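What follows is a single structure, written as structure tokens, with notes after it.
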Amino acid sequence: MECIPGVWPDDFLNIAIISDINRLIGDSGYHFAVCDNLGMPNWVIALTHEEEDCLRHDRGWSFLAL
């Protein structure tokens with residue numbers, strides 16, 4: 001079987017959807033954050049607020065404001 005990668009003509013990340021999901025999972029202790037290292041918000045990570053703080057302070061990562 002051959003795997004064919006998908007082609008998406010409008011490849012963008014809708015931040016509003018992530019914000020909506022975060023409201024729904026708020027009680028879990030986790031949230032989705034969009035990493036904005038080097039001005040390239042191209043990946044999403046699920047983590048706790050403590051983990052996000054560590055990445056910001058210890059590694060200098062930045063995240064988009066949702």
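By convention in this document, the chains of the structure tokens carry letters A, B, ... by their order, each chain's residues are numbered from 1, and ligands are numbered from 1 in the order they are shown.
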| query | Do you know which residues are at most 8 Å from Ala46 (chain A) counting only C-alpha atoms, after dropping those on the same chain fewer than 5 positions away, and could you put them as a PyMOL selection string? | reply | chain A and resi 30-33
| field | Counting only C-alpha atoms, the residue of A:Asp20, A:Glu52, A:Ser62, A:Asn14 that sits nearest Asn37 (chain A) | value | A:Ser62
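Remark: for Phe63 (chain A), the closest of the candidate residues A:Ala16, A:Asp36, A:Gly29, A:Asn22 is A:Asp36 (distances computed over only C-alpha atoms).
From CA of Ser19 (chain A) back to CA of Leu66 (chain A), the distance works out to 6.0 Å.
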Could you find all residues in region 30-59 of chain A that DSSP calls strand (DSSP E or B) from the backbone, and write them as a PDB file with C-alpha atoms, in the first residue's frame?
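Output (selection.pdb):
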```pdb
ATOM      1  CA  HIS A  31      -4.142  22.989  27.594  1.00  0.00           C
ATOM      2  CA  PHE A  32      -2.994  23.321  24.012  1.00  0.00           C
ATOM      3  CA  ALA A  33      -0.412  26.000  23.296  1.00  0.00           C
ATOM      4  CA  VAL A  34       0.912  27.233  19.961  1.00  0.00           C
ATOM      5  CA  CYS A  35       4.684  27.528  19.973  1.00  0.00           C
ATOM      6  CA  TRP A  43       3.140  23.465  15.894  1.00  0.00           C
ATOM      7  CA  VAL A  44       0.829  22.818  18.801  1.00  0.00           C
ATOM      8  CA  ILE A  45       1.730  21.179  22.096  1.00  0.00           C
ATOM      9  CA  ALA A  46      -0.452  19.893  24.965  1.00  0.00           C
ATOM     10  CA  LEU A  47       0.993  20.651  28.389  1.00  0.00           C
TER      11      LEU A  47
END
```
| request: Quote the spacing between CA of Cys54 (chain A) and CA of Arg23 (chain A) in Å to one decimal place. | output: 22.1 Å
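Between CA of Arg59 (chain A) and CA of Ile15 (chain A) the separation is 23.6 Å.
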